[in-house]
$ cat target-v5.txt   # compact mmCIF, C-alpha atoms and all ligand atoms
# COMPACT_ATOMS: atom_id res chain seq x y z
CA MET A 16 0.00 0.00 0.00
CA SER A 17 1.37 3.40 -0.92
CA ILE A 18 1.81 6.18 1.62
CA SER A 19 -1.15 8.52 2.26
CA VAL A 20 -0.06 12.14 2.03
CA ILE A 21 -2.63 13.23 4.63
CA GLU A 22 -1.75 10.50 7.13
CA LEU A 23 2.00 11.15 6.89
CA LEU A 24 1.48 14.93 7.09
CA GLU A 25 -0.63 14.54 10.23
CA HIS A 26 2.13 12.44 11.84
CA LEU A 27 4.71 15.11 10.97
CA ILE A 28 2.59 18.03 12.24
CA GLU A 29 2.16 16.23 15.58
CA CYS A 30 5.92 16.64 16.15
CA PRO A 31 6.55 20.21 17.46
CA SER A 32 9.76 20.53 15.44
CA VAL A 33 10.35 24.25 15.98
CA THR A 34 13.76 24.96 14.48
CA PRO A 35 16.29 23.52 15.33
CA LYS A 36 14.32 20.92 17.36
CA ASP A 37 13.11 17.75 15.64
CA GLU A 38 10.90 16.02 18.24
CA GLY A 39 10.77 12.77 16.25
CA ALA A 40 9.69 14.20 12.88
CA GLN A 41 12.62 12.81 10.90
CA GLU A 42 12.35 9.39 12.62
CA LYS A 43 8.72 9.17 11.52
CA LEU A 44 9.60 10.21 8.00
CA ALA A 45 12.56 7.81 7.83
CA ALA A 46 10.35 4.90 8.92
CA ALA A 47 7.96 5.62 6.03
CA LEU A 48 10.83 5.99 3.55
CA GLU A 49 12.57 2.79 4.69
CA ASN A 50 9.26 0.99 4.28
CA MET A 51 9.30 1.75 0.56
CA GLY A 52 12.91 0.62 0.14
CA MET A 53 14.92 3.81 0.69
CA THR A 54 18.20 3.71 2.60
CA CYS A 55 18.29 6.42 5.28
CA HIS A 56 21.30 8.23 6.72
CA HIS A 57 20.79 10.41 9.79
CA LEU A 58 23.29 13.27 9.59
CA PRO A 59 23.23 15.55 12.63
CA PHE A 60 25.57 18.53 12.34
CA GLY A 61 26.60 21.34 14.67
CA GLU A 62 27.28 21.49 18.38
CA ASP A 63 25.28 22.56 21.40
CA GLU A 64 26.30 25.52 23.58
CA GLU A 65 28.79 23.36 25.49
CA GLY A 66 30.30 22.18 22.20
CA ARG A 67 29.32 18.55 22.80
CA ASN A 68 26.23 17.15 21.15
CA ALA A 69 25.26 17.50 17.54
CA ARG A 70 22.16 19.64 17.45
CA VAL A 71 20.63 19.90 14.01
CA PRO A 72 19.04 16.75 12.65
CA ASN A 73 19.29 16.06 8.92
CA LEU A 74 18.20 13.07 6.86
CA PHE A 75 19.43 11.77 3.52
CA ALA A 76 17.46 8.91 1.95
CA ARG A 77 18.08 7.27 -1.41
CA ILE A 78 16.66 4.49 -3.51
CA GLY A 79 18.79 3.17 -6.39
CA SER A 80 22.53 3.59 -6.92
CA ASP A 81 22.78 4.57 -10.61
CA GLY A 82 21.96 7.71 -12.56
CA PRO A 83 20.00 9.57 -13.55
CA HIS A 84 19.55 10.86 -10.02
CA LEU A 85 16.72 13.16 -8.97
CA CYS A 86 16.94 14.67 -5.49
CA TYR A 87 14.02 16.22 -3.62
CA ALA A 88 15.08 18.78 -0.99
CA GLY A 89 12.97 19.97 1.90
CA HIS A 90 12.85 20.67 5.62
CA THR A 91 10.99 19.28 8.62
CA ASP A 92 11.66 22.19 10.97
CA VAL A 93 9.00 24.87 11.35
CA VAL A 94 8.85 28.46 12.62
CA PRO A 95 7.55 29.09 16.19
CA PRO A 96 3.76 29.02 16.58
CA GLY A 97 3.28 32.47 18.13
CA PRO A 98 0.45 32.86 20.69
CA LEU A 99 -0.93 29.32 21.18
CA ASP A 100 -4.39 30.49 22.23
CA GLN A 101 -4.91 32.17 18.86
CA TRP A 102 -4.73 28.84 17.00
CA THR A 103 -8.20 27.45 16.34
CA TYR A 104 -7.10 23.82 16.78
CA GLY A 105 -3.52 24.22 18.10
CA PRO A 106 -0.37 24.21 15.97
CA TYR A 107 0.53 20.53 16.57
CA ASN A 108 -2.95 19.08 16.53
CA PRO A 109 -3.65 18.44 12.83
CA HIS A 110 -7.31 19.00 12.15
CA ILE A 111 -9.36 18.86 8.94
CA GLU A 112 -12.38 21.15 8.66
CA ASN A 113 -14.31 21.61 5.39
CA GLY A 114 -11.50 20.02 3.40
CA VAL A 115 -8.80 22.25 4.93
CA LEU A 116 -5.99 20.73 7.01
CA TYR A 117 -4.74 23.05 9.78
CA GLY A 118 -1.39 22.81 11.57
CA ARG A 119 2.10 24.34 11.68
CA GLY A 120 4.03 23.16 8.62
CA ALA A 121 0.95 22.22 6.56
CA SER A 122 2.27 24.49 3.77
CA ASP A 123 5.86 25.26 4.86
CA MET A 124 6.70 22.55 4.28
CA LYS A 125 5.77 19.27 5.92
CA GLY A 126 2.90 19.09 3.43
CA SER A 127 5.32 19.06 0.52
CA VAL A 128 7.66 16.55 2.19
CA ALA A 129 4.71 14.20 2.80
CA ALA A 130 3.49 14.78 -0.78
CA PHE A 131 6.85 13.80 -2.28
CA ALA A 132 7.10 10.66 -0.10
CA ALA A 133 3.54 9.71 -1.09
CA ALA A 134 4.29 10.41 -4.77
CA LEU A 135 7.41 8.24 -4.74
CA SER A 136 5.64 5.36 -3.04
CA ALA A 137 2.75 5.58 -5.55
CA TYR A 138 5.28 5.69 -8.41
CA ILE A 139 7.09 2.58 -7.11
CA GLU A 140 3.79 0.75 -6.64
CA GLU A 141 2.75 1.51 -10.23
CA HIS A 142 6.07 1.37 -12.13
CA GLY A 143 8.51 -0.45 -9.83
CA ALA A 144 11.76 1.10 -8.58
CA PRO A 145 12.88 4.06 -10.74
CA LYS A 146 15.48 3.30 -13.44
CA GLY A 147 18.07 5.46 -11.76
CA SER A 148 17.96 7.03 -8.30
CA VAL A 149 15.64 9.16 -6.24
CA SER A 150 16.85 10.77 -3.04
CA MET A 151 15.47 13.06 -0.36
CA LEU A 152 17.63 15.67 1.37
CA ILE A 153 15.71 16.69 4.49
CA THR A 154 17.08 19.27 6.89
CA GLY A 155 16.03 20.52 10.31
CA ASP A 156 17.86 23.82 9.84
CA GLU A 157 16.08 25.74 7.10
CA GLU A 158 14.04 28.15 9.22
CA GLY A 159 17.06 28.84 11.44
CA PRO A 160 20.57 30.01 10.57
CA ALA A 161 20.92 27.29 7.87
CA LEU A 162 24.53 26.63 8.87
CA ASN A 163 24.22 22.97 9.86
CA GLY A 164 21.63 21.83 7.35
CA THR A 165 21.53 21.56 3.56
CA ILE A 166 24.97 23.10 3.07
CA LYS A 167 26.64 20.40 5.22
CA VAL A 168 24.50 17.54 3.90
CA LEU A 169 25.57 18.51 0.35
CA GLU A 170 29.24 18.29 1.40
CA TRP A 171 28.55 14.85 2.88
CA MET A 172 26.70 13.84 -0.32
CA LYS A 173 29.68 14.91 -2.40
CA GLU A 174 32.08 12.90 -0.24
CA HIS A 175 29.88 9.80 -0.54
CA GLY A 176 29.01 9.96 -4.25
CA HIS A 177 25.42 11.14 -3.84
CA ILE A 178 25.44 14.38 -5.88
CA PRO A 179 22.27 14.34 -8.00
CA ASP A 180 21.79 15.31 -11.64
CA VAL A 181 18.77 17.50 -10.88
CA ALA A 182 17.13 18.82 -7.72
CA LEU A 183 13.58 19.73 -6.83
CA VAL A 184 13.03 22.00 -3.82
CA GLY A 185 9.53 21.70 -2.36
CA GLU A 186 9.21 25.19 -0.84
CA PRO A 187 5.73 26.74 -1.28
CA SER A 188 6.16 28.50 -4.63
CA ASN A 189 2.58 29.58 -5.43
CA PRO A 190 0.95 32.82 -4.18
CA ASP A 191 -2.72 31.66 -4.33
CA HIS A 192 -3.23 28.39 -6.17
CA LEU A 193 -1.33 25.44 -7.63
CA GLY A 194 -0.09 25.95 -11.18
CA GLN A 195 0.87 29.62 -10.77
CA GLU A 196 4.63 29.66 -10.39
CA ILE A 197 7.76 27.61 -10.16
CA LYS A 198 10.96 29.28 -8.97
CA ILE A 199 13.99 28.97 -11.23
CA GLY A 200 16.24 31.33 -9.33
CA ARG A 201 16.43 33.82 -6.54
CA ARG A 202 17.87 37.25 -5.99
CA GLY A 203 20.97 37.69 -3.88
CA SER A 204 20.97 39.52 -0.56
CA LEU A 205 23.48 42.06 0.78
CA THR A 206 23.23 43.85 4.12
CA GLY A 207 25.17 47.08 4.58
CA ARG A 208 26.03 48.79 7.87
CA LEU A 209 27.05 52.40 7.38
CA THR A 210 28.57 54.50 10.18
CA VAL A 211 29.51 58.17 10.05
CA LYS A 212 31.55 59.51 12.98
CA GLY A 213 31.89 63.01 14.40
CA LYS A 214 32.66 64.58 17.77
CA GLN A 215 30.15 64.85 20.61
CA GLY A 216 29.41 68.24 22.11
CA HIS A 217 26.85 70.78 23.36
CA VAL A 218 24.38 72.04 20.75
CA ALA A 219 25.04 75.58 22.01
CA TYR A 220 28.75 75.28 21.17
CA PRO A 221 28.73 73.63 17.74
CA LYS A 222 32.24 74.84 16.88
CA ARG A 223 33.61 72.56 19.61
CA ALA A 224 31.76 69.55 18.25
CA ASP A 225 31.34 67.86 14.88
CA ASN A 226 27.83 66.71 14.04
CA PRO A 227 27.94 63.52 11.92
CA LEU A 228 24.21 63.46 11.15
CA PRO A 229 24.08 65.87 8.19
CA ARG A 230 26.83 63.79 6.58
CA LEU A 231 24.96 60.53 7.34
CA VAL A 232 21.86 61.99 5.67
CA GLN A 233 23.94 63.05 2.68
CA ALA A 234 25.56 59.61 2.41
CA LEU A 235 22.18 57.89 2.59
CA ALA A 236 20.82 60.23 -0.06
CA ALA A 237 23.68 59.18 -2.34
CA LEU A 238 22.78 55.52 -1.80
CA THR A 239 19.00 55.72 -1.91
CA LEU A 240 18.85 58.06 -4.91
CA SER A 241 21.06 55.57 -6.73
CA GLN A 242 18.45 52.90 -5.93
CA MET A 243 16.51 53.84 -9.04
CA VAL A 244 19.50 53.21 -11.24
CA LEU A 245 20.98 50.08 -9.66
CA ASP A 246 19.60 48.34 -12.74
CA GLU A 247 16.40 47.90 -14.69
CA GLY A 248 16.07 44.17 -14.07
CA SER A 249 17.13 41.40 -16.46
CA LYS A 250 15.47 38.72 -18.56
CA PHE A 251 14.39 36.62 -15.58
CA PHE A 252 14.72 39.08 -12.70
CA GLN A 253 12.99 42.16 -11.37
CA PRO A 254 15.15 45.27 -10.73
CA SER A 255 17.52 45.15 -7.76
CA ASN A 256 16.17 46.99 -4.75
CA LEU A 257 17.73 48.80 -1.80
CA GLU A 258 15.69 49.21 1.38
CA LEU A 259 16.86 51.27 4.34
CA THR A 260 15.93 49.19 7.39
CA THR A 261 17.04 51.38 10.29
CA ILE A 262 18.76 54.65 11.14
CA ASP A 263 20.19 54.71 14.68
CA VAL A 264 21.69 57.51 16.67
CA GLY A 265 20.65 56.47 20.17
CA ASN A 266 20.66 60.07 21.35
CA THR A 267 18.19 60.67 24.20
CA ALA A 268 19.16 64.28 24.90
CA ASP A 269 18.05 67.28 22.82
CA ASN A 270 21.04 69.43 23.78
CA VAL A 271 23.77 67.00 22.69
CA ILE A 272 25.40 66.68 19.30
CA PRO A 273 25.86 62.92 18.95
CA GLU A 274 29.21 61.27 18.38
CA SER A 275 28.08 59.03 15.53
CA GLY A 276 25.13 57.87 13.44
CA ARG A 277 24.54 54.48 11.89
CA ALA A 278 22.20 53.16 9.22
CA VAL A 279 21.48 49.64 8.02
CA PHE A 280 20.13 48.68 4.63
CA ASN A 281 19.45 45.51 2.66
CA ILE A 282 19.70 45.07 -1.08
CA ARG A 283 18.03 42.22 -2.98
CA PHE A 284 20.05 42.04 -6.18
CA ASN A 285 19.60 40.30 -9.50
CA ASP A 286 22.07 38.61 -11.84
CA ASN A 287 23.49 41.95 -13.01
CA TRP A 288 25.49 41.89 -9.78
CA THR A 289 27.59 39.82 -7.46
CA GLY A 290 27.93 40.74 -3.80
CA GLU A 291 31.50 41.91 -4.49
CA LYS A 292 30.56 44.04 -7.50
CA LEU A 293 27.74 45.64 -5.52
CA ASP A 294 30.03 46.39 -2.56
CA LYS A 295 32.43 48.20 -4.90
CA HIS A 296 29.59 50.16 -6.48
CA LEU A 297 28.32 51.32 -3.07
CA ARG A 298 31.79 52.50 -2.06
CA THR A 299 32.16 54.43 -5.33
CA LEU A 300 28.87 56.24 -4.65
CA LEU A 301 29.91 57.03 -1.07
CA ASP A 302 33.43 58.12 -2.08
CA GLU A 303 31.91 60.62 -4.52
CA THR A 304 30.28 62.45 -1.59
CA GLY A 305 33.69 63.12 -0.04
CA ILE A 306 32.38 62.00 3.34
CA ASP A 307 34.47 59.98 5.76
CA TYR A 308 32.46 56.81 6.42
CA ASP A 309 32.73 53.21 7.54
CA LEU A 310 30.81 50.58 5.54
CA LYS A 311 30.58 46.90 6.44
CA THR A 312 28.72 44.59 4.06
CA THR A 313 27.70 40.96 4.43
CA VAL A 314 26.38 38.88 1.56
CA GLY A 315 23.64 36.47 2.68
CA GLY A 316 23.62 34.77 -0.71
CA GLU A 317 24.47 35.46 -4.33
CA SER A 318 21.74 35.53 -6.94
CA PHE A 319 21.32 32.37 -8.99
CA LEU A 320 19.37 31.16 -11.99
CA THR A 321 18.60 27.75 -13.45
CA ARG A 322 18.25 28.59 -17.14
CA PRO A 323 15.10 27.20 -18.75
CA GLY A 324 15.99 23.78 -20.22
CA PRO A 325 15.05 20.08 -19.99
CA TRP A 326 14.69 20.06 -16.19
CA THR A 327 12.54 23.19 -15.91
CA ASP A 328 10.49 21.88 -18.87
CA ILE A 329 9.73 18.63 -17.01
CA VAL A 330 8.57 20.44 -13.88
CA GLN A 331 6.46 22.89 -15.89
CA LYS A 332 4.87 20.10 -17.92
CA ALA A 333 4.08 18.04 -14.81
CA VAL A 334 2.31 21.03 -13.22
CA LYS A 335 0.36 21.64 -16.44
CA ASP A 336 -0.60 17.94 -16.77
CA VAL A 337 -2.15 18.00 -13.28
CA THR A 338 -3.53 21.54 -12.94
CA GLY A 339 -4.15 22.47 -16.59
CA LYS A 340 -2.07 25.64 -16.06
CA THR A 341 1.46 26.37 -17.21
CA PRO A 342 3.32 27.89 -14.24
CA THR A 343 5.39 31.05 -14.74
CA PRO A 344 9.13 30.58 -14.12
CA SER A 345 9.81 33.16 -11.42
CA THR A 346 12.74 34.49 -9.39
CA THR A 347 10.81 36.62 -6.88
CA GLY A 348 10.55 36.22 -3.13
CA GLY A 349 12.93 35.49 -0.28
CA THR A 350 15.76 33.05 -0.24
CA SER A 351 15.73 29.25 0.21
CA ASP A 352 18.15 26.33 0.45
CA ALA A 353 18.11 26.21 -3.36
CA ARG A 354 20.90 28.82 -3.06
CA PHE A 355 23.21 26.05 -1.80
CA ILE A 356 22.04 23.31 -4.18
CA THR A 357 22.56 25.48 -7.27
CA ASN A 358 26.32 25.05 -6.75
CA TYR A 359 25.95 21.32 -7.52
CA CYS A 360 23.16 20.85 -10.09
CA PRO A 361 20.17 22.51 -11.79
CA VAL A 362 17.51 23.24 -9.17
CA VAL A 363 13.83 24.16 -9.50
CA GLU A 364 11.40 25.03 -6.70
CA CYS A 365 7.87 23.70 -6.94
CA GLY A 366 5.62 23.30 -3.93
CA ALA A 367 2.43 24.32 -2.19
CA ILE A 368 0.75 27.70 -1.67
CA ASN A 369 2.46 30.32 0.48
CA ALA A 370 -0.62 32.36 1.51
CA THR A 371 -0.68 31.15 5.16
CA ILE A 372 2.96 30.23 5.80
CA HIS A 373 4.50 31.39 9.11
CA GLN A 374 0.97 32.52 10.19
CA ILE A 375 -1.45 31.52 12.94
CA ASP A 376 -3.75 28.76 11.58
CA GLU A 377 -1.35 27.81 8.78
CA ASN A 378 -3.21 25.40 6.50
CA ALA A 379 -3.43 23.56 3.19
CA THR A 380 -6.48 22.10 1.47
CA VAL A 381 -6.69 18.32 1.18
CA GLU A 382 -7.32 18.78 -2.55
CA ASP A 383 -4.12 20.80 -3.01
CA LEU A 384 -2.08 18.27 -1.02
CA GLU A 385 -3.40 15.49 -3.25
CA ASN A 386 -2.75 17.52 -6.40
CA LEU A 387 0.78 18.36 -5.24
CA THR A 388 1.35 14.61 -4.74
CA ALA A 389 0.07 14.04 -8.30
CA ILE A 390 2.43 16.75 -9.63
CA TYR A 391 5.44 15.14 -7.92
CA LYS A 392 4.45 11.69 -9.24
CA ARG A 393 4.14 13.16 -12.73
CA ILE A 394 7.62 14.74 -12.39
CA LEU A 395 9.02 11.28 -11.54
CA GLU A 396 7.23 9.73 -14.55
CA LEU A 397 8.48 12.37 -16.97
CA TYR A 398 12.04 12.30 -15.58
CA PHE A 399 12.39 8.51 -15.66
CA ALA A 400 10.42 8.05 -18.92
ZN ZN B 501 10.12 26.52 4.07

$ encode --input "target-v5.txt" --output "C-alpha cells"
Amino acid sequence: MSISVIELLEHLIECPSVTPKDEGAQEKLAAALENMGMTCHHLPFGEDEEGRNARVPNLFARIGSDGPHLCYAGHTDVVPPGPLDQWTYGPYNPHIENGVLYGRGASDMKGSVAAFAAALSAYIEEHGAPKGSVSMLITGDEEGPALNGTIKVLEWMKEHGHIPDVALVGEPSNPDHLGQEIKIGRRGSLTGRLTVKGKQGHVAYPKRADNPLPRLVQALAALTLSQMVLDEGSKFFQPSNLELTTIDVGNTADNVIPESGRAVFNIRFNDNWTGEKLDKHLRTLLDETGIDYDLKTTVGGESFLTRPGPWTDIVQKAVKDVTGKTPTPSTTGGTSDARFITNYCPVVECGAINATIHQIDENATVEDLENLTAIYKRILELYFA
C-alpha cells in the first residue's frame, strides 16, 4: 500500500519541530521511507552551547545507486507558533475542517515533504523502482541560521558519491493556487552597515563639536537616490532593490550633538550583480560624496538562476498535466536552500501555496495536497520516462 499524504502529514505536524528541534519528525519520515525501500542516513551537524552534542538533525534517503539521479530537498523544521491560544485547533494538533488541514508546517513545508514521499511510493507501486535514483535531502535547519543543514549535507553527499543530476526543492512556490509559479532562481541579498563619525558636544557650542548626522543623511541620499539606477532588471529578474531598514543615533538628549550615526540597509540584487561588485559600487557612490564613512557589508547569498531547459520543462509540464495551467518561471521572493544546491546541479522550486505560511492557523487544502502529490508523481514519470 502506498503512503497517504494526509496520514503522513498529520504524523509530521504532531511533532513540534520548531527549528532547530526535531521532536521525532525525521524518525517518523525515515520509517515511512525505509518501508518503501529507501536507505536512510541520519546526519546531525553542529554542536550545542557546550560544544558537545550534535544539534541539528538532517536526513538523507536514497533508492537506487545509478543515474539519472533526482533529489528532492525539503525541511521538517518549522517556525515558532506564536500565541498558542490564537490557534483554532492548536499548531501541533492536525485537524481537517471543510476540506482544509490546519497545523504548523501544513504548507511550509511538511505538506510538501509528505506529498513527495507519497508520490514516490505511488510511483514505485505503479512502475517499480525508478530506473536510476531518487533521493530526499531533508534538513532541520532551514528556518534557522541554515549553517548545519543543507549546506553540510551537500558536502557529505559529495564525499559519498550522492550528488544528484537535478534537484527539486519543495518550498511553497505559489501565491494563491497550484499551477501559478515555479521558482527557477532567486535574488541575492546584501546587508550594509554604514557608520559616520563626528565629535560629541553641546548644541550651544557647535564649533567645539562635529555633528555627523548631516553627513549621514547626505551619504544615505547618495545611496538611496542611486536605488533607481541600480539596474532595470534582467530577462528573468525584477530590478535590484535597496531598502533602508534602520537609522540609529541612540541620542536621548536634545542638547547634545551625537558622536556618531549608523544606518542599516538591505539590497536584494539580481544577476546583473555579485555581492563583491555591488560592494564596490556602493563605495564608489559614497566616495563621490567626499564623506568619511565606515561601511561593512555581508552577503547572505548570491543571486542564482537555473536557465530554462530540460529540467525546468519537465517540472512545468508536470504542473500543467495536473492543474491544466502552465506555471510562470519566477525568481521573486525570499531566499531558500536552493541557493546552496545550485552550486551542484540545476535546481527548480515547486511546492504548495504560500498564503498562510508562518501565520497563525497555517493550513493547506486536502485537494491541493493530493494535487501536489500528483504533480510530484508526474515529475518522476516524466524524468524517468
Ligand atoms: Zn520553508

$ residues_near_point --input "target-v5.txt" --point "(-1.9, 12.1, 6.6)" --cutoff "12 Å" --atoms "all atoms listed in the file" --output "NGL selection string"
:A and (17-29 or 44 or 47 or 109-111 or 116-118 or 121 or 125-130 or 132-133 or 381 or 384-385)

$ residues_near_ligand --input "target-v5.txt" --ligand "ligand ZN 501 (chain B)" --cutoff "12 Å" --atoms "only C-alpha atoms and all ligand atoms" --output "number ranges by chain"
A: 34, 88-94, 119-128, 153-159, 161, 184-188, 349-353, 364-369, 371-373

$ residues_around --input "target-v5.txt" --residues "Leu58 (chain A)" --least-positions-apart "3" --cutoff "8 Å" --atoms "all atoms listed in the file" --output "list in words"
Pro72, Asn73, Leu74, Phe75 and Val168 of chain A

$ residues_near_point --input "target-v5.txt" --point "(29.0, 41.6, -8.3)" --cutoff "12 Å" --atoms "only C-alpha atoms" --output "list in words"
Gly203, Ser204, Leu205, Leu245, Phe284, Asn285, Asp286, Asn287, Trp288, Thr289, Gly290, Glu291, Lys292, Leu293, Asp294, Lys295, His296, Leu297, Val314, Gly316, Glu317 and Ser318 of chain A

$ residues_around --input "target-v5.txt" --residues "Phe280 (chain A)" --least-positions-apart "6" --cutoff "12 Å" --atoms "only C-alpha atoms" --output "ChimeraX atom specification"
/A:204-210,235,238-239,242,256-263,297,310-313

$ closest_atom_pairs --input "target-v5.txt" --of "region 127-208 of chain A" --to "region 248-252 of chain A" --cutoff "9 Å" --atoms "all atoms listed in the file" --output "CSV"
residue,atom,partner,partner_atom,distance
A:Ile199,CA,A:Phe251,CA,8.8
A:Gly200,CA,A:Phe251,CA,8.4
A:Arg201,CA,A:Phe252,CA,8.3
A:Arg202,CA,A:Phe252,CA,7.6

$ atom_distance --input "target-v5.txt" --atom1 "CA of Arg298 (chain A)" --atom2 "CA of Asn226 (chain A)"
21.8 Å

$ residues_around --input "target-v5.txt" --residues "region 357-361 of chain A" --least-positions-apart "2" --cutoff "10 Å" --atoms "all atoms listed in the file" --output "NGL selection string"
:A and (86 or 169-170 or 173 or 178-183 or 199-200 or 319-327 or 352-355 or 363)

$ residues_around --input "target-v5.txt" --residues "Pro227 (chain A)" --least-positions-apart "5" --cutoff "9 Å" --atoms "only C-alpha atoms" --output "list in words"
Val211, Lys212, Gly213, Lys214, Val232, Ile272, Pro273, Glu274, Ser275 and Gly276 of chain A

$ residues_around --input "target-v5.txt" --residues "Asn386 (chain A)" --least-positions-apart "4" --cutoff "7 Å" --atoms "only C-alpha atoms" --output "CSV table (one decimal) with C-alpha atoms, in the frame of the given file"
chain,number,residue,atom,x,y,z
A,337,VAL,CA,-2.2,18.0,-13.3
A,382,GLU,CA,-7.3,18.8,-2.6
A,390,ILE,CA,2.4,16.8,-9.6
